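Structure file input23.txt; described as compact mmCIF, C-alpha atoms and all ligand atoms.
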```txt
# COMPACT_ATOMS: atom_id res chain seq x y z
CA MET W 14 0.00 0.00 0.00
CA ALA W 15 1.48 3.38 -0.98
CA ASP W 16 2.08 5.79 1.90
CA LYS W 17 -0.01 8.91 1.62
CA ASP W 18 1.66 11.00 4.34
CA GLY W 19 5.24 11.53 5.57
CA ASN W 20 7.02 11.00 2.21
CA ILE W 21 10.15 13.02 1.35
CA LEU W 22 9.12 15.59 -1.23
CA ALA W 23 10.49 15.16 -4.77
CA LYS W 24 12.73 18.13 -5.65
CA ASP W 25 15.70 16.96 -7.73
CA TYR W 26 14.36 17.52 -11.25
CA GLY W 27 17.66 18.47 -12.93
CA ILE W 28 15.98 21.51 -14.48
CA GLY W 29 18.03 22.76 -17.46
CA ILE W 30 19.98 19.51 -17.86
CA LYS W 31 19.38 17.78 -21.18
CA PRO W 32 18.62 14.05 -21.09
CA PRO W 33 21.82 12.10 -21.85
CA LEU W 34 22.24 11.16 -25.50
CA GLN W 35 21.44 7.49 -25.85
CA THR W 36 23.70 5.49 -28.10
CA PHE W 37 23.42 1.83 -28.97
CA PRO W 38 26.56 -0.03 -29.99
CA VAL W 39 25.11 -2.71 -32.27
CA LYS W 40 25.34 -1.91 -35.97
CA GLY W 41 22.04 -1.19 -37.69
CA HIS W 42 19.91 -1.41 -34.56
CA GLN W 43 20.02 2.09 -33.17
CA SER W 44 16.29 2.48 -33.64
CA ALA W 45 15.19 -1.02 -32.68
CA GLY W 46 12.61 -1.41 -29.94
CA TRP W 47 13.72 -1.63 -26.32
CA GLY W 48 13.14 -5.38 -26.02
CA MET W 49 15.05 -6.08 -29.23
CA GLN W 50 17.92 -3.85 -28.07
CA ARG W 51 17.88 -5.51 -24.66
CA ARG W 52 18.36 -8.95 -26.23
CA LEU W 53 21.01 -7.69 -28.64
CA SER W 54 22.84 -6.30 -25.60
CA GLU W 55 22.82 -9.76 -24.04
CA ILE W 56 24.70 -10.97 -27.11
CA PHE W 57 26.98 -8.01 -27.88
CA SER W 58 29.21 -6.24 -25.37
CA ASP W 59 29.55 -2.47 -25.24
CA ASP W 60 32.33 -2.69 -27.86
CA GLY W 61 29.68 -3.97 -30.29
CA ARG W 62 31.38 -7.38 -30.44
CA THR W 63 30.56 -10.90 -29.35
CA ILE W 64 32.01 -14.34 -28.86
CA MET W 65 29.47 -17.02 -29.58
CA LEU W 66 30.33 -20.59 -28.71
CA ALA W 67 28.59 -22.88 -31.21
CA PHE W 68 27.75 -26.41 -30.14
CA ASP W 69 24.69 -27.02 -32.29
CA HIS W 70 26.43 -29.41 -34.70
CA GLY W 71 24.55 -32.47 -33.49
CA TYR W 72 21.33 -31.36 -35.14
CA ILE W 73 22.76 -32.15 -38.58
CA MET W 74 26.01 -34.00 -37.85
CA GLY W 75 25.15 -36.21 -34.88
CA SER W 76 27.88 -36.79 -32.33
CA THR W 77 30.94 -34.80 -33.38
CA ALA W 78 34.51 -34.89 -32.05
CA GLY W 79 34.84 -32.64 -29.03
CA LEU W 80 31.07 -32.44 -28.63
CA GLU W 81 30.28 -35.98 -27.51
CA ARG W 82 29.41 -34.97 -23.93
CA LEU W 83 27.99 -31.45 -23.98
CA ASP W 84 27.08 -31.74 -20.29
CA LEU W 85 30.76 -32.17 -19.39
CA VAL W 86 32.42 -30.05 -22.06
CA ILE W 87 30.36 -26.87 -22.28
CA PRO W 88 29.79 -25.67 -18.66
CA PRO W 89 33.50 -25.07 -17.89
CA LEU W 90 33.86 -23.02 -21.10
CA MET W 91 30.83 -20.81 -20.66
CA GLN W 92 32.59 -18.16 -18.59
CA TYR W 93 34.70 -17.17 -21.64
CA ALA W 94 31.80 -16.92 -24.11
CA ASP W 95 29.25 -14.12 -24.48
CA CYS W 96 26.62 -16.27 -26.12
CA LEU W 97 25.86 -19.97 -26.41
CA MET W 98 24.60 -21.23 -29.75
CA ALA W 99 22.72 -24.49 -29.33
CA THR W 100 19.59 -26.49 -30.02
CA ARG W 101 16.74 -26.60 -27.54
CA GLY W 102 17.41 -30.30 -26.97
CA ALA W 103 21.01 -29.67 -25.96
CA LEU W 104 20.14 -26.69 -23.78
CA ARG W 105 17.36 -28.46 -21.90
CA THR W 106 19.38 -31.56 -21.17
CA CYS W 107 22.99 -30.43 -20.82
CA ILE W 108 23.12 -26.75 -19.84
CA PRO W 109 21.90 -25.62 -16.42
CA ALA W 110 19.48 -22.72 -16.87
CA ASN W 111 20.99 -20.61 -14.08
CA HIS W 112 23.69 -18.95 -16.17
CA ARG W 113 23.95 -15.36 -17.37
CA LYS W 114 25.00 -15.95 -20.97
CA ALA W 115 23.02 -15.00 -24.03
CA VAL W 116 21.49 -17.85 -25.99
CA ALA W 117 21.34 -18.14 -29.77
CA LEU W 118 18.69 -20.81 -30.09
CA ARG W 119 19.03 -22.97 -33.19
CA CYS W 120 15.45 -22.86 -34.47
CA THR W 121 15.26 -24.38 -37.93
CA ALA W 122 15.20 -28.13 -38.38
CA ASP W 123 17.51 -29.01 -41.24
CA THR W 124 18.31 -32.28 -42.96
CA SER W 125 21.39 -34.21 -41.96
CA VAL W 126 24.79 -34.39 -43.61
CA LEU W 127 23.72 -37.74 -45.08
CA LYS W 128 21.59 -35.89 -47.62
CA ASP W 129 23.23 -34.72 -50.82
CA ASP W 130 21.09 -31.62 -50.86
CA MET W 131 20.59 -30.33 -47.32
CA SER W 132 18.82 -27.18 -48.33
CA PHE W 133 15.21 -28.14 -47.55
CA GLY W 134 14.97 -26.99 -43.92
CA THR W 135 11.79 -26.20 -42.03
CA VAL W 136 10.56 -24.26 -39.01
CA GLY W 137 11.51 -26.37 -35.99
CA VAL W 138 11.18 -24.41 -32.75
CA ASP W 139 8.03 -22.32 -32.88
CA ILE W 140 7.99 -18.79 -31.58
CA GLU W 141 6.23 -19.75 -28.33
CA ASP W 142 8.98 -22.20 -27.45
CA ALA W 143 11.68 -19.65 -28.31
CA ILE W 144 9.97 -17.24 -25.89
CA ARG W 145 9.61 -19.97 -23.24
CA MET W 146 13.30 -20.71 -23.53
CA ASN W 147 14.09 -17.01 -23.24
CA ALA W 148 16.14 -17.02 -26.45
CA SER W 149 18.34 -13.96 -26.96
CA CYS W 150 18.13 -14.64 -30.68
CA MET W 151 16.79 -17.31 -33.02
CA ALA W 152 19.23 -18.95 -35.44
CA VAL W 153 17.94 -19.79 -38.89
CA GLN W 154 19.90 -21.79 -41.46
CA CYS W 155 19.64 -20.32 -44.97
CA PHE W 156 20.66 -21.90 -48.25
CA VAL W 157 20.92 -19.13 -50.80
CA GLY W 158 21.16 -20.32 -54.39
CA SER W 159 20.19 -23.92 -53.58
CA GLU W 160 17.13 -25.91 -54.57
CA GLY W 161 15.62 -25.22 -51.16
CA GLU W 162 16.28 -21.47 -51.22
CA ILE W 163 12.62 -20.54 -51.08
CA ASP W 164 12.08 -22.86 -48.07
CA SER W 165 14.96 -21.07 -46.35
CA LEU W 166 13.48 -17.68 -47.08
CA ARG W 167 10.08 -18.80 -45.86
CA ASN W 168 11.66 -20.01 -42.62
CA LEU W 169 13.68 -16.84 -42.25
CA SER W 170 10.59 -14.71 -42.82
CA TYR W 171 8.63 -16.71 -40.22
CA TYR W 172 11.28 -16.00 -37.59
CA VAL W 173 11.79 -12.36 -38.60
CA ASN W 174 8.04 -11.63 -38.57
CA ASN W 175 7.59 -13.27 -35.18
CA GLY W 176 10.87 -11.91 -33.86
CA GLU W 177 9.74 -8.39 -34.70
CA LYS W 178 6.44 -9.06 -32.95
CA TYR W 179 8.11 -10.15 -29.70
CA GLY W 180 11.41 -8.28 -29.82
CA ILE W 181 13.62 -11.31 -30.50
CA PRO W 182 16.44 -10.87 -33.02
CA VAL W 183 17.15 -13.41 -35.74
CA LEU W 184 20.60 -14.77 -36.56
CA GLY W 185 20.63 -15.65 -40.25
CA VAL W 186 23.19 -18.39 -40.87
CA VAL W 187 24.66 -18.52 -44.36
CA ALA W 188 24.91 -22.22 -45.06
CA VAL W 189 27.33 -23.63 -47.54
CA GLY W 190 25.97 -26.92 -48.85
CA LYS W 191 28.39 -29.43 -50.33
CA GLU W 192 28.33 -27.75 -53.72
CA MET W 193 28.16 -24.09 -52.72
CA GLU W 194 31.02 -21.86 -53.71
CA ARG W 195 32.85 -19.99 -50.96
CA THR W 196 33.65 -16.81 -52.87
CA THR W 197 33.43 -13.14 -52.01
CA ARG W 198 30.71 -12.82 -54.62
CA TYR W 199 28.61 -15.57 -53.05
CA PHE W 200 29.01 -14.46 -49.44
CA SER W 201 28.39 -10.88 -50.43
CA LEU W 202 25.10 -11.83 -52.09
CA ALA W 203 23.98 -14.22 -49.33
CA THR W 204 24.76 -11.92 -46.37
CA ARG W 205 23.06 -8.94 -47.97
CA LEU W 206 20.04 -10.98 -49.00
CA LEU W 207 19.57 -12.31 -45.47
CA ALA W 208 19.98 -8.86 -43.94
CA GLU W 209 17.49 -7.32 -46.33
CA THR W 210 15.01 -10.11 -45.61
CA GLY W 211 15.24 -8.91 -42.04
CA ALA W 212 17.89 -10.98 -40.22
CA HIS W 213 19.29 -8.88 -37.38
CA ILE W 214 22.69 -10.62 -37.21
CA ILE W 215 24.44 -12.67 -39.90
CA LYS W 216 26.75 -15.63 -39.52
CA THR W 217 28.97 -16.36 -42.48
CA TYR W 218 32.42 -17.65 -43.37
CA TYR W 219 35.56 -15.56 -43.64
CA CYS W 220 36.76 -15.06 -47.22
CA GLU W 221 38.89 -12.81 -49.40
CA ASN W 222 37.90 -9.12 -49.51
CA PHE W 223 35.92 -9.63 -46.35
CA GLU W 224 35.84 -5.90 -45.65
CA GLN W 225 33.61 -5.45 -48.70
CA ILE W 226 31.12 -7.91 -47.23
CA THR W 227 31.01 -6.31 -43.78
CA ALA W 228 30.81 -2.83 -45.30
CA ALA W 229 27.84 -3.72 -47.49
CA CYS W 230 25.97 -5.60 -44.76
CA PRO W 231 23.81 -3.25 -42.67
CA VAL W 232 23.81 -5.51 -39.59
CA PRO W 233 26.60 -7.21 -37.60
CA ILE W 234 28.40 -10.17 -39.11
CA VAL W 235 29.96 -12.93 -37.03
CA ILE W 236 32.21 -15.51 -38.62
CA ALA W 237 31.81 -19.26 -38.39
CA GLY W 238 34.92 -21.24 -37.60
CA GLY W 239 34.36 -24.13 -39.99
CA LYS W 240 36.47 -27.28 -39.97
CA LYS W 241 39.28 -27.48 -37.44
CA ILE W 242 42.46 -25.71 -38.48
CA PRO W 243 45.62 -25.20 -36.38
CA GLU W 244 44.97 -22.95 -33.36
CA LYS W 245 47.34 -20.23 -34.58
CA GLU W 246 45.56 -20.05 -37.93
CA ALA W 247 42.14 -19.91 -36.27
CA LEU W 248 43.33 -16.95 -34.17
CA GLU W 249 44.69 -15.27 -37.29
CA MET W 250 41.37 -15.77 -39.05
CA ALA W 251 39.47 -14.29 -36.08
CA TYR W 252 41.88 -11.34 -36.02
CA ARG W 253 41.55 -10.63 -39.73
CA ALA W 254 37.77 -10.94 -39.52
CA VAL W 255 37.35 -8.42 -36.69
CA SER W 256 39.95 -6.07 -38.21
CA GLU W 257 37.93 -6.17 -41.42
CA GLY W 258 34.65 -5.29 -39.77
CA ALA W 259 33.23 -8.49 -38.26
CA ALA W 260 31.43 -8.05 -34.95
CA GLY W 261 32.95 -11.23 -33.58
CA VAL W 262 32.99 -14.96 -34.01
CA ASP W 263 30.55 -17.83 -33.71
CA MET W 264 32.95 -20.74 -33.46
CA GLY W 265 32.50 -24.35 -32.61
CA ARG W 266 35.01 -26.95 -33.80
CA ASN W 267 37.99 -24.61 -33.70
CA VAL W 268 37.37 -24.24 -29.99
CA LEU W 269 35.95 -27.61 -29.05
CA GLN W 270 38.47 -29.64 -31.04
CA ALA W 271 41.45 -27.52 -29.99
CA GLU W 272 44.07 -29.22 -27.85
CA CYS W 273 42.83 -27.08 -24.96
CA PRO W 274 39.35 -25.62 -25.60
CA LYS W 275 39.38 -23.40 -22.52
CA ALA W 276 42.70 -21.78 -23.41
CA MET W 277 41.55 -21.40 -27.00
CA LEU W 278 38.36 -19.59 -26.05
CA ARG W 279 40.33 -17.27 -23.75
CA ALA W 280 42.75 -16.52 -26.58
CA ILE W 281 39.87 -15.76 -28.95
CA ARG W 282 38.54 -13.43 -26.27
CA MET W 283 41.82 -11.52 -26.35
CA VAL W 284 41.54 -11.06 -30.10
CA VAL W 285 37.86 -10.12 -30.22
CA HIS W 286 37.50 -7.94 -27.13
CA GLU W 287 41.04 -6.72 -26.46
CA ASN W 288 42.22 -6.25 -30.05
CA ALA W 289 45.20 -8.49 -29.32
CA LYS W 290 47.35 -9.47 -32.28
CA PRO W 291 47.10 -13.19 -33.16
CA GLU W 292 50.77 -13.83 -32.23
CA GLU W 293 50.16 -12.39 -28.77
CA ALA W 294 46.96 -14.41 -28.32
CA PHE W 295 48.67 -17.60 -29.49
CA LYS W 296 51.48 -17.05 -26.98
CA ALA W 297 48.87 -16.70 -24.23
CA TYR W 298 47.13 -19.84 -25.53
CA GLU W 299 50.35 -21.84 -25.20
CA LEU W 300 50.82 -20.62 -21.63
CA TRP W 301 47.20 -21.21 -20.54
CA LYS W 302 47.29 -24.63 -22.14
CA LYS W 303 50.07 -25.63 -19.74
CA ASP W 304 48.14 -24.25 -16.75
CA VAL W 305 45.04 -26.26 -17.56
CA LYS W 306 47.00 -29.53 -17.97
C1 LIG W 401 26.30 -24.71 -39.61
C2 LIG W 401 26.56 -24.14 -38.28
C3 LIG W 401 27.08 -25.11 -37.28
O1 LIG W 401 26.15 -25.92 -36.78
C4 LIG W 401 28.00 -24.58 -36.28
O2 LIG W 401 27.44 -23.55 -35.57
C5 LIG W 401 29.26 -24.23 -36.97
O3 LIG W 401 30.31 -23.98 -36.13
P1 LIG W 401 31.79 -24.28 -36.59
O4 LIG W 401 31.81 -24.31 -38.10
O5 LIG W 401 32.60 -23.16 -36.05
O6 LIG W 401 32.17 -25.61 -36.01
O7 LIG W 401 26.34 -22.97 -38.06
O8 LIG W 401 25.95 -23.73 -40.49
```
Rewrite the coordinates I just gave you, this time as structure tokens.
Ligand code: 5RP
Amino acid sequence: MADKDGNILAKDYGIGIKPPLQTFPVKGHQSAGWGMQRRLSEIFSDDGRTIMLAFDHGYIMGSTAGLERLDLVIPPLMQYADCLMATRGALRTCIPANHRKAVALRCTADTSVLKDDMSFGTVGVDIEDAIRMNASCMAVQCFVGSEGEIDSLRNLSYYVNNGEKYGIPVLGVVAVGKEMERTTRYFSLATRLLAETGAHIIKTYYCENFEQITAACPVPIVIAGGKKIPEKEALEMAYRAVSEGAAGVDMGRNVLQAECPKAMLRAIRMVVHENAKPEEAFKAYELWKKDVK
């Protein structure tokens, strides 16, 4: 019950002081609604960058090296990530809900790697379940230029329309099927197409002339890691990507299959959030690796 009498009188109105200018650090979303901005802020730090740890591979690849036991592998790594990218099945069973990390919820259901053409995905998680799971964003696999392109765009539009309704951003994932080319021209087309269809964040692969792709994409781009490469090279790729305009990384195998995943994620952190040079980050990786052993 509000007190009617005996309250201290309000007097500090700051008359003559202009309201502070509000800035929002995530590219392309300065005028998004408060709920949308709130969720984007869970994903991106104040430097406008993010480190997503991807462990959603099982939904198309089954059990993958380094990801056999998500319940054992992921929790110790979470402290070094900003956002966890996973399926609802993995989250519900392997990740305790009492953490403070953003969640990129893998929402489309896509066909497995056994299929020659994987491009015919469908809506998997519906918007109500994404809300129930408190997703920070909804990840949608998109096959531009494939047979199933229109299915992808239908799925993407479903999530964008519903995401706009409830203030949940969509992460459009540029998929490269077995036959898809990995050229600047292709990634440039696919990233822009997804952004213009309404995706709020784009995940794509690093390629030549990457700065042209980030410049022409009106929303943040995060790079996928792809197949495992030597740790030093993965750090160099992350460094080049952020120096050329990426807003961070969304890496899985290059962390989880590293000799020491925890040290690797910390080293990636140095590159993405501290602008460390790859040589410096690799040196730190080698040191941390010894500590963990
Ligand atoms: C496929 C994906 C993957 O499921 C995963 O997130 C990729 O991570 P990485 O390539 O770094 O292992 O996004 O499109």
What residues of the protein or nucleic acid chains come within 9 Å of ligand LIG 401 (chain W) when you use only C-alpha atoms and all ligand atoms? Reply as an mmCIF file with C-alpha atoms, keeping the file's coordinate frame.
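File written: pocket26.cif
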```
data_model
loop_
_atom_site.group_PDB
_atom_site.id
_atom_site.type_symbol
_atom_site.label_atom_id
_atom_site.label_comp_id
_atom_site.auth_asym_id
_atom_site.auth_seq_id
_atom_site.Cartn_x
_atom_site.Cartn_y
_atom_site.Cartn_z
ATOM 1 C CA LEU W 66 30.330 -20.590 -28.710
ATOM 2 C CA ALA W 67 28.590 -22.880 -31.210
ATOM 3 C CA PHE W 68 27.750 -26.410 -30.140
ATOM 4 C CA ASP W 69 24.690 -27.020 -32.290
ATOM 5 C CA HIS W 70 26.430 -29.410 -34.700
ATOM 6 C CA GLY W 71 24.550 -32.470 -33.490
ATOM 7 C CA TYR W 72 21.330 -31.360 -35.140
ATOM 8 C CA ILE W 73 22.760 -32.150 -38.580
ATOM 9 C CA MET W 74 26.010 -34.000 -37.850
ATOM 10 C CA MET W 98 24.600 -21.230 -29.750
ATOM 11 C CA ALA W 99 22.720 -24.490 -29.330
ATOM 12 C CA ARG W 119 19.030 -22.970 -33.190
ATOM 13 C CA ALA W 152 19.230 -18.950 -35.440
ATOM 14 C CA GLN W 154 19.900 -21.790 -41.460
ATOM 15 C CA CYS W 155 19.640 -20.320 -44.970
ATOM 16 C CA VAL W 186 23.190 -18.390 -40.870
ATOM 17 C CA VAL W 187 24.660 -18.520 -44.360
ATOM 18 C CA ALA W 188 24.910 -22.220 -45.060
ATOM 19 C CA VAL W 189 27.330 -23.630 -47.540
ATOM 20 C CA GLY W 190 25.970 -26.920 -48.850
ATOM 21 C CA LYS W 216 26.750 -15.630 -39.520
ATOM 22 C CA THR W 217 28.970 -16.360 -42.480
ATOM 23 C CA TYR W 218 32.420 -17.650 -43.370
ATOM 24 C CA ILE W 236 32.210 -15.510 -38.620
ATOM 25 C CA ALA W 237 31.810 -19.260 -38.390
ATOM 26 C CA GLY W 238 34.920 -21.240 -37.600
ATOM 27 C CA GLY W 239 34.360 -24.130 -39.990
ATOM 28 C CA LYS W 240 36.470 -27.280 -39.970
ATOM 29 C CA LYS W 241 39.280 -27.480 -37.440
ATOM 30 C CA VAL W 262 32.990 -14.960 -34.010
ATOM 31 C CA ASP W 263 30.550 -17.830 -33.710
ATOM 32 C CA MET W 264 32.950 -20.740 -33.460
ATOM 33 C CA GLY W 265 32.500 -24.350 -32.610
ATOM 34 C CA ARG W 266 35.010 -26.950 -33.800
ATOM 35 C CA ASN W 267 37.990 -24.610 -33.700
ATOM 36 C CA VAL W 268 37.370 -24.240 -29.990
ATOM 37 C CA LEU W 269 35.950 -27.610 -29.050
ATOM 38 C CA GLN W 270 38.470 -29.640 -31.040
#
```
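In this model, the gap between atom CA of W:Thr121 and atom CA of W:Asn147 comes to 16.5 Å.
Pairwise distance (atom CA of W:His112, atom CA of W:Ala94) equals 11.5 Å.
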>> At a cut-off of 10 Å, using all atoms listed in the file, what residues contact W:Ser170? Leave out same-chain residues fewer than 2 positions from it and give the result as a ChimeraX atom specification.
In response: /W:153,164-168,172-176,183,207,210-212
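Residues in contact with stretch 42-55 of chain W at up to 9 Å, not including ones fewer than 3 positions away on its chain and judged by all atoms listed in the file, are W:Thr36, W:Phe37, W:Pro38, W:Val39, W:Ser58, W:Asp59, W:Gly61, W:Asp95, W:Cys96, W:Arg113, W:Lys114, W:Ala115, W:Val116, W:Ala148, W:Ser149, W:Cys150, W:Gly176, W:Glu177, W:Tyr179, W:Gly180, W:Ile181, W:Pro182, W:His213, W:Val232.
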>> One decimal, in Å: what's the spacing between atom CA of W:Ala271 and atom CA of W:Ala247?
In response: 9.9 Å
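Considering only C-alpha atoms, the residue among W:Asp60, W:Asp16, W:Met277, W:Lys31 positioned nearest to W:Gly261 is W:Asp60.
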